[in-house]
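Okay, model-v5.pdb now, which holds PDB, C-alpha atoms:
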```pdb
ATOM      1  CA  GLY M   9      65.159 -11.393 123.860  1.00  0.00           C
ATOM      2  CA  VAL M  10      62.328  -9.140 124.473  1.00  0.00           C
ATOM      3  CA  ARG M  11      58.901 -10.665 124.478  1.00  0.00           C
ATOM      4  CA  GLU M  12      56.247  -8.666 122.675  1.00  0.00           C
ATOM      5  CA  TRP M  13      52.907  -8.504 124.442  1.00  0.00           C
ATOM      6  CA  PRO M  14      49.825  -8.185 122.279  1.00  0.00           C
ATOM      7  CA  ASN M  15      47.764  -5.056 122.755  1.00  0.00           C
ATOM      8  CA  ARG M  16      45.668  -5.942 125.781  1.00  0.00           C
ATOM      9  CA  HIS M  17      42.901  -3.652 124.509  1.00  0.00           C
ATOM     10  CA  ALA M  18      42.878  -5.108 120.990  1.00  0.00           C
ATOM     11  CA  TRP M  19      39.932  -7.412 121.650  1.00  0.00           C
ATOM     12  CA  LYS M  20      37.786  -4.389 122.547  1.00  0.00           C
ATOM     13  CA  ALA M  21      38.524  -2.753 119.201  1.00  0.00           C
ATOM     14  CA  CYS M  22      36.151  -5.044 117.350  1.00  0.00           C
ATOM     15  CA  VAL M  23      33.367  -5.334 119.933  1.00  0.00           C
ATOM     16  CA  GLY M  24      30.244  -3.617 118.648  1.00  0.00           C
ATOM     17  CA  ARG M  25      32.051  -1.947 115.767  1.00  0.00           C
ATOM     18  CA  LEU M  26      31.039  -1.887 112.153  1.00  0.00           C
ATOM     19  CA  THR M  27      33.241  -3.897 109.847  1.00  0.00           C
ATOM     20  CA  VAL M  28      34.445  -2.558 106.532  1.00  0.00           C
ATOM     21  CA  GLY M  29      32.095  -4.841 104.638  1.00  0.00           C
ATOM     22  CA  SER M  30      29.042  -3.812 106.643  1.00  0.00           C
ATOM     23  CA  ASN M  31      29.442  -0.049 106.681  1.00  0.00           C
ATOM     24  CA  PRO M  32      26.115   1.547 105.897  1.00  0.00           C
ATOM     25  CA  THR M  33      25.761   4.250 103.305  1.00  0.00           C
ATOM     26  CA  PRO M  34      25.996   7.853 104.585  1.00  0.00           C
ATOM     27  CA  SER M  35      22.247   8.308 104.105  1.00  0.00           C
ATOM     28  CA  ALA M  36      21.532   5.224 106.214  1.00  0.00           C
ATOM     29  CA  VAL M  37      23.820   6.506 108.939  1.00  0.00           C
ATOM     30  CA  SER M  38      22.123   9.904 109.056  1.00  0.00           C
ATOM     31  CA  VAL M  39      18.645   8.346 109.275  1.00  0.00           C
ATOM     32  CA  GLU M  40      19.834   6.132 112.141  1.00  0.00           C
ATOM     33  CA  TRP M  41      20.991   9.175 114.104  1.00  0.00           C
ATOM     34  CA  GLU M  42      18.195  11.647 113.243  1.00  0.00           C
ATOM     35  CA  ILE M  43      16.153  11.019 116.411  1.00  0.00           C
ATOM     36  CA  PRO M  44      19.027  11.486 118.886  1.00  0.00           C
ATOM     37  CA  MET M  45      20.366  14.440 116.867  1.00  0.00           C
ATOM     38  CA  SER M  46      16.911  16.034 116.910  1.00  0.00           C
ATOM     39  CA  GLN M  47      16.920  15.693 120.703  1.00  0.00           C
ATOM     40  CA  ALA M  48      20.409  17.249 120.828  1.00  0.00           C
ATOM     41  CA  LEU M  49      19.146  20.154 118.694  1.00  0.00           C
ATOM     42  CA  GLU M  50      16.237  20.665 121.126  1.00  0.00           C
ATOM     43  CA  GLU M  51      18.777  20.822 123.942  1.00  0.00           C
ATOM     44  CA  ALA M  52      20.814  23.344 121.925  1.00  0.00           C
ATOM     45  CA  ARG M  53      17.750  25.579 121.530  1.00  0.00           C
ATOM     46  CA  THR M  54      17.312  25.526 125.313  1.00  0.00           C
ATOM     47  CA  ALA M  55      20.836  26.906 125.775  1.00  0.00           C
ATOM     48  CA  VAL M  56      19.839  30.075 123.925  1.00  0.00           C
ATOM     49  CA  SER M  57      17.239  30.873 126.607  1.00  0.00           C
ATOM     50  CA  HIS M  58      20.012  31.619 129.100  1.00  0.00           C
ATOM     51  CA  GLY M  59      22.538  33.152 126.711  1.00  0.00           C
ATOM     52  CA  ASP M  60      24.691  30.106 126.089  1.00  0.00           C
ATOM     53  CA  VAL M  61      26.036  29.045 122.702  1.00  0.00           C
ATOM     54  CA  PRO M  62      23.436  26.635 121.287  1.00  0.00           C
ATOM     55  CA  VAL M  63      25.152  23.282 121.581  1.00  0.00           C
ATOM     56  CA  GLY M  64      23.288  20.196 122.732  1.00  0.00           C
ATOM     57  CA  ALA M  65      24.396  16.639 123.384  1.00  0.00           C
ATOM     58  CA  VAL M  66      22.798  13.306 124.166  1.00  0.00           C
ATOM     59  CA  VAL M  67      24.306  10.002 125.218  1.00  0.00           C
ATOM     60  CA  VAL M  68      22.859   6.871 123.648  1.00  0.00           C
ATOM     61  CA  CYS M  69      23.452   3.489 125.251  1.00  0.00           C
ATOM     62  CA  ARG M  70      21.905   0.236 124.049  1.00  0.00           C
ATOM     63  CA  GLY M  71      19.603   2.168 121.721  1.00  0.00           C
ATOM     64  CA  LYS M  72      18.210   4.482 124.429  1.00  0.00           C
ATOM     65  CA  ILE M  73      18.965   8.089 125.240  1.00  0.00           C
ATOM     66  CA  ILE M  74      20.230   8.008 128.832  1.00  0.00           C
ATOM     67  CA  ALA M  75      21.361  11.642 129.144  1.00  0.00           C
ATOM     68  CA  ALA M  76      20.637  14.936 127.383  1.00  0.00           C
ATOM     69  CA  ARG M  77      22.209  18.324 128.142  1.00  0.00           C
ATOM     70  CA  HIS M  78      23.107  21.671 126.625  1.00  0.00           C
ATOM     71  CA  ASN M  79      25.838  24.252 127.165  1.00  0.00           C
ATOM     72  CA  GLU M  80      25.580  25.943 130.564  1.00  0.00           C
ATOM     73  CA  ARG M  81      28.766  28.012 130.767  1.00  0.00           C
ATOM     74  CA  GLU M  82      26.940  31.338 131.063  1.00  0.00           C
ATOM     75  CA  LEU M  83      24.233  29.899 133.301  1.00  0.00           C
ATOM     76  CA  SER M  84      26.630  28.259 135.775  1.00  0.00           C
ATOM     77  CA  GLY M  85      29.731  30.422 135.353  1.00  0.00           C
ATOM     78  CA  ASP M  86      31.669  27.195 134.781  1.00  0.00           C
ATOM     79  CA  PRO M  87      34.103  27.135 131.832  1.00  0.00           C
ATOM     80  CA  THR M  88      33.847  23.332 131.658  1.00  0.00           C
ATOM     81  CA  ALA M  89      30.028  23.261 131.398  1.00  0.00           C
ATOM     82  CA  HIS M  90      30.015  22.111 127.772  1.00  0.00           C
ATOM     83  CA  ALA M  91      27.056  20.034 126.616  1.00  0.00           C
ATOM     84  CA  GLU M  92      29.170  16.922 125.995  1.00  0.00           C
ATOM     85  CA  LEU M  93      30.777  16.961 129.443  1.00  0.00           C
ATOM     86  CA  LEU M  94      27.480  17.534 131.235  1.00  0.00           C
ATOM     87  CA  ALA M  95      25.779  14.746 129.273  1.00  0.00           C
ATOM     88  CA  MET M  96      28.667  12.356 129.968  1.00  0.00           C
ATOM     89  CA  ARG M  97      28.507  13.176 133.702  1.00  0.00           C
ATOM     90  CA  ASP M  98      24.782  12.403 133.728  1.00  0.00           C
ATOM     91  CA  ALA M  99      25.327   9.182 131.747  1.00  0.00           C
ATOM     92  CA  SER M 100      28.010   8.099 134.221  1.00  0.00           C
ATOM     93  CA  GLN M 101      25.506   8.593 137.039  1.00  0.00           C
ATOM     94  CA  VAL M 102      22.906   6.513 135.191  1.00  0.00           C
ATOM     95  CA  LEU M 103      25.381   3.709 134.465  1.00  0.00           C
ATOM     96  CA  GLY M 104      27.155   3.886 137.811  1.00  0.00           C
ATOM     97  CA  SER M 105      30.566   4.053 136.155  1.00  0.00           C
ATOM     98  CA  TRP M 106      32.918   6.593 134.633  1.00  0.00           C
ATOM     99  CA  ARG M 107      33.468   4.168 131.765  1.00  0.00           C
ATOM    100  CA  LEU M 108      30.971   4.804 128.994  1.00  0.00           C
ATOM    101  CA  ASP M 109      31.793   1.604 127.092  1.00  0.00           C
ATOM    102  CA  GLY M 110      29.244   0.938 124.376  1.00  0.00           C
ATOM    103  CA  CYS M 111      27.849   4.482 124.486  1.00  0.00           C
ATOM    104  CA  THR M 112      27.560   6.987 121.667  1.00  0.00           C
ATOM    105  CA  VAL M 113      27.687  10.735 122.239  1.00  0.00           C
ATOM    106  CA  VAL M 114      25.578  12.706 119.767  1.00  0.00           C
ATOM    107  CA  VAL M 115      26.362  16.433 119.689  1.00  0.00           C
ATOM    108  CA  THR M 116      25.331  19.369 117.515  1.00  0.00           C
ATOM    109  CA  LEU M 117      28.860  20.801 117.101  1.00  0.00           C
ATOM    110  CA  GLU M 118      32.250  19.168 116.572  1.00  0.00           C
ATOM    111  CA  PRO M 119      33.808  18.789 120.049  1.00  0.00           C
ATOM    112  CA  CYS M 120      36.625  21.031 121.255  1.00  0.00           C
ATOM    113  CA  VAL M 121      39.959  19.766 122.603  1.00  0.00           C
ATOM    114  CA  MET M 122      38.636  19.490 126.171  1.00  0.00           C
ATOM    115  CA  CYS M 123      35.537  17.537 125.162  1.00  0.00           C
ATOM    116  CA  ALA M 124      37.398  15.317 122.682  1.00  0.00           C
ATOM    117  CA  GLY M 125      39.854  14.393 125.429  1.00  0.00           C
ATOM    118  CA  ALA M 126      36.986  13.582 127.788  1.00  0.00           C
ATOM    119  CA  LEU M 127      35.367  11.358 125.149  1.00  0.00           C
ATOM    120  CA  VAL M 128      38.590   9.371 124.846  1.00  0.00           C
ATOM    121  CA  ASN M 129      39.119   9.160 128.602  1.00  0.00           C
ATOM    122  CA  ALA M 130      35.522   8.032 129.217  1.00  0.00           C
ATOM    123  CA  ARG M 131      36.013   5.194 126.698  1.00  0.00           C
ATOM    124  CA  VAL M 132      33.010   6.305 124.643  1.00  0.00           C
ATOM    125  CA  GLN M 133      32.507   3.937 121.719  1.00  0.00           C
ATOM    126  CA  ALA M 134      31.308   6.419 119.108  1.00  0.00           C
ATOM    127  CA  LEU M 135      30.762  10.093 118.392  1.00  0.00           C
ATOM    128  CA  VAL M 136      28.104  11.496 116.084  1.00  0.00           C
ATOM    129  CA  TYR M 137      28.206  15.220 115.425  1.00  0.00           C
ATOM    130  CA  ALA M 138      26.428  17.736 113.234  1.00  0.00           C
ATOM    131  CA  ALA M 139      28.304  20.920 112.304  1.00  0.00           C
ATOM    132  CA  ARG M 140      32.052  21.150 111.948  1.00  0.00           C
ATOM    133  CA  ASP M 141      33.920  23.773 113.977  1.00  0.00           C
ATOM    134  CA  PRO M 142      36.766  25.233 111.880  1.00  0.00           C
ATOM    135  CA  LYS M 143      37.986  27.406 114.780  1.00  0.00           C
ATOM    136  CA  ALA M 144      38.037  24.897 117.639  1.00  0.00           C
ATOM    137  CA  GLY M 145      37.112  21.427 116.324  1.00  0.00           C
ATOM    138  CA  ALA M 146      39.258  18.624 117.691  1.00  0.00           C
ATOM    139  CA  VAL M 147      37.799  15.699 115.728  1.00  0.00           C
ATOM    140  CA  HIS M 148      38.423  16.676 112.089  1.00  0.00           C
ATOM    141  CA  SER M 149      38.861  20.441 111.722  1.00  0.00           C
ATOM    142  CA  LEU M 150      41.995  21.325 113.731  1.00  0.00           C
ATOM    143  CA  TYR M 151      42.951  18.089 115.473  1.00  0.00           C
ATOM    144  CA  THR M 152      42.057  14.403 115.295  1.00  0.00           C
ATOM    145  CA  ILE M 153      42.126  13.572 118.996  1.00  0.00           C
ATOM    146  CA  VAL M 154      39.393  10.921 119.054  1.00  0.00           C
ATOM    147  CA  THR M 155      41.064   8.849 116.327  1.00  0.00           C
ATOM    148  CA  ASP M 156      44.732   9.461 117.238  1.00  0.00           C
ATOM    149  CA  ALA M 157      46.513   6.088 117.202  1.00  0.00           C
ATOM    150  CA  ARG M 158      48.934   7.264 119.896  1.00  0.00           C
ATOM    151  CA  LEU M 159      46.156   7.325 122.492  1.00  0.00           C
ATOM    152  CA  ASN M 160      44.911   4.265 124.359  1.00  0.00           C
ATOM    153  CA  HIS M 161      41.356   4.532 123.010  1.00  0.00           C
ATOM    154  CA  ARG M 162      39.807   5.622 119.737  1.00  0.00           C
ATOM    155  CA  LEU M 163      36.200   6.319 118.778  1.00  0.00           C
ATOM    156  CA  ASP M 164      34.137   5.585 115.712  1.00  0.00           C
ATOM    157  CA  VAL M 165      33.032   8.914 114.231  1.00  0.00           C
ATOM    158  CA  VAL M 166      30.047   9.907 112.116  1.00  0.00           C
ATOM    159  CA  ALA M 167      30.136  13.557 111.013  1.00  0.00           C
ATOM    160  CA  ASP M 168      27.724  15.984 109.365  1.00  0.00           C
ATOM    161  CA  VAL M 169      24.453  14.466 110.638  1.00  0.00           C
ATOM    162  CA  MET M 170      21.836  17.243 110.364  1.00  0.00           C
ATOM    163  CA  ALA M 171      24.714  19.697 109.957  1.00  0.00           C
ATOM    164  CA  ALA M 172      22.636  22.319 108.131  1.00  0.00           C
ATOM    165  CA  GLU M 173      20.132  22.600 110.997  1.00  0.00           C
ATOM    166  CA  SER M 174      22.873  22.915 113.599  1.00  0.00           C
ATOM    167  CA  ALA M 175      24.869  25.447 111.568  1.00  0.00           C
ATOM    168  CA  ALA M 176      21.742  27.564 111.007  1.00  0.00           C
ATOM    169  CA  LEU M 177      21.028  27.621 114.742  1.00  0.00           C
ATOM    170  CA  LEU M 178      24.604  28.691 115.497  1.00  0.00           C
ATOM    171  CA  ARG M 179      24.605  31.371 112.760  1.00  0.00           C
ATOM    172  CA  SER M 180      21.318  32.780 114.040  1.00  0.00           C
ATOM    173  CA  PHE M 181      22.635  32.906 117.623  1.00  0.00           C
ATOM    174  CA  PHE M 182      25.829  34.743 116.704  1.00  0.00           C
ATOM    175  CA  ALA M 183      24.060  37.112 114.271  1.00  0.00           C
ATOM    176  CA  GLU M 184      21.695  38.094 117.088  1.00  0.00           C
ATOM    177  CA  ARG M 185      24.614  38.720 119.472  1.00  0.00           C
ATOM    178  CA  ARG M 186      26.360  40.976 116.951  1.00  0.00           C
ATOM    179  CA  ARG M 187      23.376  43.356 116.697  1.00  0.00           C
TER     180      ARG M 187
END
```

Kindly transcribe the structure held in the file into structure tokens.
Amino acid sequence: GVREWPNRHAWKACVGRLTVGSNPTPSAVSVEWEIPMSQALEEARTAVSHGDVPVGAVVVCRGKIIAARHNERELSGDPTAHAELLAMRDASQVLGSWRLDGCTVVVTLEPCVMCAGALVNARVQALVYAARDPKAGAVHSLYTIVTDARLNHRLDVVADVMAAESAALLRSFFAERRR
């Protein structure tokens, strides 16, 4: 017969991951991510200064923020200039590799399909996000790309960290644009 090969990536699945028995409470998780999320929110506020949707992202690796960016689509005229992609590009430069193994992306809005796909392809370990995006979210709202078992890599996800602050910033931005 046919010999079954074990999943060659299976050993990576448990490296640096929380086990079921050690999962922290939601309040402990949010406290752990408040500092990087606060930095992501500062980045999001910067996006407003040049007319971009206020989304900010940081990349955390080994407990340090190694990249921080905000949306720059309007500023650069680039449809791919989402905060997550820009932060991951900067992190790749810092690490000298396209693989962001062991890194966590912290972002103020649930990633879209493009950004969720990039997170998977960059082998990011975890995603922490603030506000959900019911119209374009590709993590929980519309799709579940980063946890889809059919893909070769899946991320740990922590949602709703400082969601109220992020949602208020987004509401304020769009209310101002509608005037």

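If all atoms listed in the file are the atoms counted, then among M:Leu117, M:Met122, M:Ile74, M:Val61 the closest residue to Met170 in chain M is M:Leu117.
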
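The closest residue to Arg53 in chain M, picked from M:Ile153, M:Glu173, M:Val113, M:Arg185 and counting all atoms listed in the file, is M:Glu173.
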
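With only C-alpha atoms as the atoms that count, the residue of M:Val115, M:Val136, M:Val128, M:Cys69 with the shortest distance to Arg158 in chain M is M:Val128.
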
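Shortest atom-to-atom contact with Pro87 in chain M among M:Leu178, M:Ala146, M:Ala157, M:Cys123: M:Cys123, counting all atoms listed in the file.
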
Point out the residue among M:Leu94, M:Leu83, M:Ala138, M:Val68 with the least atom-to-atom distance to Gly110 in chain M, counting only C-alpha atoms.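 Smallest distance to Gly110 in chain M is found for M:Val68.
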
With the file shown as input, list the residues that the PyMOL selection byres ((chain M and resi 134) around 6) selects, as a ChimeraX atom specification. /M:112,132-133,135,163-165

For the selection just defined, write its residues with C-alpha atoms to a file, as a PDB file, in the frame of the given file.
```
ATOM      1  CA  THR M 112      27.560   6.987 121.667  1.00  0.00           C
ATOM      2  CA  VAL M 132      33.010   6.305 124.643  1.00  0.00           C
ATOM      3  CA  GLN M 133      32.507   3.937 121.719  1.00  0.00           C
ATOM      4  CA  LEU M 135      30.762  10.093 118.392  1.00  0.00           C
ATOM      5  CA  LEU M 163      36.200   6.319 118.778  1.00  0.00           C
ATOM      6  CA  ASP M 164      34.137   5.585 115.712  1.00  0.00           C
ATOM      7  CA  VAL M 165      33.032   8.914 114.231  1.00  0.00           C
TER       8      VAL M 165
END
```

Could you give me, as JSON, numbers by chain, the residues within 9 Å of Val147 in chain M, counting all atoms listed in the file and dropping anything in the same chain fewer than 3 positions from it? {"M": [118, 119, 120, 121, 124, 140, 150, 151, 152, 153, 154, 155, 165]}

Within 8 Å of Met96 in chain M, counting all atoms listed in the file, which residues qualify if same-chain residues fewer than 3 places away don't, as a VMD selection string? chain M and resid 67 75 92 to 93 99 to 100 108 113

Mind checking which residues fall within 12 Å of Phe182 in chain M, counting all atoms listed in the file, ignoring those fewer than 4 positions away in the same chain, and posting them as number ranges by chain? M: 56, 59-62, 175-178, 186-187

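Shortest separation to Leu103 in chain M among M:His148, M:Ala171, M:Thr54, M:Arg70 occurs at residue M:Arg70, atoms counted being only C-alpha atoms.
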
Please compute the CA of Gln47 in chain M-CA of Ala139 in chain M distance, one decimal, in Å. 15.1 Å

One decimal, in Å: what's the spacing between CA of Val102 in chain M and CA of Lys72 in chain M?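 Value for the CA of Val102 in chain M-CA of Lys72 in chain M distance: 11.9 Å.
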
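Between CA of Ala144 in chain M and CA of Asp168 in chain M lies a distance of 15.9 Å.
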
Could you please give me, as number ranges by chain, the residues of protein, DNA or RNA lying at most 9 Å from (19.9, 12.0, 116.1) in the coordinate frame of the file, considering all atoms listed in the file? M: 38-49, 66, 114-115, 136-137, 169-170

Box for range 48-63 of chain M - axis-aligned, 3 Å on each of the six sides, all listed atoms - centre and size in Å to one decimal, as lines of an AutoDock Vina configuration file.
```
center_x = 21.1
center_y = 25.2
center_z = 123.9
size_x = 15.8
size_y = 21.9
size_z = 16.4
```

Output range 47-58 of chain M with all heavy atoms present, as an mmCIF file, in the frame of the given file.
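Generated output (result_15.cif):
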```cif
data_model
loop_
_atom_site.group_PDB
_atom_site.id
_atom_site.type_symbol
_atom_site.label_atom_id
_atom_site.label_comp_id
_atom_site.auth_asym_id
_atom_site.auth_seq_id
_atom_site.Cartn_x
_atom_site.Cartn_y
_atom_site.Cartn_z
ATOM 1 N N GLN M 47 16.965 15.428 119.260
ATOM 2 C CA GLN M 47 16.920 15.693 120.703
ATOM 3 C C GLN M 47 18.073 16.607 121.105
ATOM 4 O O GLN M 47 17.904 17.529 121.904
ATOM 5 C CB GLN M 47 16.995 14.384 121.484
ATOM 6 C CG GLN M 47 16.985 14.562 122.986
ATOM 7 C CD GLN M 47 15.671 15.105 123.505
ATOM 8 O OE1 GLN M 47 14.605 14.709 123.048
ATOM 9 N NE2 GLN M 47 15.738 16.013 124.465
ATOM 10 N N ALA M 48 19.259 16.392 120.541
ATOM 11 C CA ALA M 48 20.409 17.249 120.828
ATOM 12 C C ALA M 48 20.142 18.677 120.347
ATOM 13 O O ALA M 48 20.505 19.653 121.027
ATOM 14 C CB ALA M 48 21.673 16.683 120.184
ATOM 15 N N LEU M 49 19.496 18.820 119.197
ATOM 16 C CA LEU M 49 19.146 20.154 118.694
ATOM 17 C C LEU M 49 18.130 20.844 119.604
ATOM 18 O O LEU M 49 18.203 22.060 119.820
ATOM 19 C CB LEU M 49 18.629 20.075 117.258
ATOM 20 C CG LEU M 49 19.708 19.876 116.199
ATOM 21 C CD1 LEU M 49 19.106 19.410 114.877
ATOM 22 C CD2 LEU M 49 20.503 21.160 116.008
ATOM 23 N N GLU M 50 17.183 20.085 120.154
ATOM 24 C CA GLU M 50 16.237 20.665 121.126
ATOM 25 C C GLU M 50 16.991 21.174 122.358
ATOM 26 O O GLU M 50 16.701 22.248 122.874
ATOM 27 C CB GLU M 50 15.178 19.642 121.540
ATOM 28 C CG GLU M 50 14.071 19.473 120.536
ATOM 29 C CD GLU M 50 13.358 20.785 120.215
ATOM 30 O OE1 GLU M 50 12.969 21.518 121.152
ATOM 31 O OE2 GLU M 50 13.210 21.087 119.024
ATOM 32 N N GLU M 51 17.947 20.385 122.815
ATOM 33 C CA GLU M 51 18.777 20.822 123.942
ATOM 34 C C GLU M 51 19.533 22.102 123.582
ATOM 35 O O GLU M 51 19.622 23.026 124.382
ATOM 36 C CB GLU M 51 19.769 19.726 124.338
ATOM 37 C CG GLU M 51 19.155 18.569 125.073
ATOM 38 C CD GLU M 51 18.690 18.938 126.480
ATOM 39 O OE1 GLU M 51 19.337 19.771 127.148
ATOM 40 O OE2 GLU M 51 17.676 18.373 126.914
ATOM 41 N N ALA M 52 20.073 22.164 122.364
ATOM 42 C CA ALA M 52 20.814 23.344 121.925
ATOM 43 C C ALA M 52 19.929 24.582 121.944
ATOM 44 O O ALA M 52 20.362 25.661 122.377
ATOM 45 C CB ALA M 52 21.382 23.113 120.524
ATOM 46 N N ARG M 53 18.683 24.445 121.520
ATOM 47 C CA ARG M 53 17.750 25.579 121.530
ATOM 48 C C ARG M 53 17.497 26.064 122.952
ATOM 49 O O ARG M 53 17.320 27.259 123.189
ATOM 50 C CB ARG M 53 16.446 25.190 120.834
ATOM 51 C CG ARG M 53 16.600 25.030 119.341
ATOM 52 C CD ARG M 53 15.273 24.677 118.647
ATOM 53 N NE ARG M 53 15.526 24.303 117.270
ATOM 54 C CZ ARG M 53 15.635 23.056 116.828
ATOM 55 N NH1 ARG M 53 15.487 22.033 117.648
ATOM 56 N NH2 ARG M 53 15.890 22.821 115.550
ATOM 57 N N THR M 54 17.503 25.160 123.914
ATOM 58 C CA THR M 54 17.312 25.526 125.313
ATOM 59 C C THR M 54 18.466 26.393 125.820
ATOM 60 O O THR M 54 18.257 27.291 126.625
ATOM 61 C CB THR M 54 17.176 24.259 126.191
ATOM 62 O OG1 THR M 54 16.102 23.483 125.688
ATOM 63 C CG2 THR M 54 16.923 24.600 127.636
ATOM 64 N N ALA M 55 19.670 26.130 125.342
ATOM 65 C CA ALA M 55 20.836 26.906 125.775
ATOM 66 C C ALA M 55 20.680 28.386 125.454
ATOM 67 O O ALA M 55 21.131 29.247 126.213
ATOM 68 C CB ALA M 55 22.111 26.352 125.126
ATOM 69 N N VAL M 56 20.033 28.686 124.337
ATOM 70 C CA VAL M 56 19.839 30.075 123.925
ATOM 71 C C VAL M 56 19.038 30.851 124.967
ATOM 72 O O VAL M 56 19.293 32.032 125.200
ATOM 73 C CB VAL M 56 19.145 30.137 122.538
ATOM 74 C CG1 VAL M 56 18.814 31.564 122.141
ATOM 75 C CG2 VAL M 56 20.019 29.475 121.485
ATOM 76 N N SER M 57 18.106 30.187 125.639
ATOM 77 C CA SER M 57 17.239 30.873 126.607
ATOM 78 C C SER M 57 18.004 31.490 127.769
ATOM 79 O O SER M 57 17.512 32.410 128.412
ATOM 80 C CB SER M 57 16.167 29.913 127.134
ATOM 81 O OG SER M 57 16.754 28.911 127.944
ATOM 82 N N HIS M 58 19.211 31.006 128.036
ATOM 83 C CA HIS M 58 20.012 31.619 129.100
ATOM 84 C C HIS M 58 21.345 32.155 128.588
ATOM 85 O O HIS M 58 22.311 32.286 129.336
ATOM 86 C CB HIS M 58 20.185 30.693 130.309
ATOM 87 C CG HIS M 58 20.584 29.292 129.989
ATOM 88 N ND1 HIS M 58 21.861 28.931 129.621
ATOM 89 C CD2 HIS M 58 19.856 28.150 129.984
ATOM 90 C CE1 HIS M 58 21.906 27.636 129.412
ATOM 91 N NE2 HIS M 58 20.714 27.135 129.619
#
```
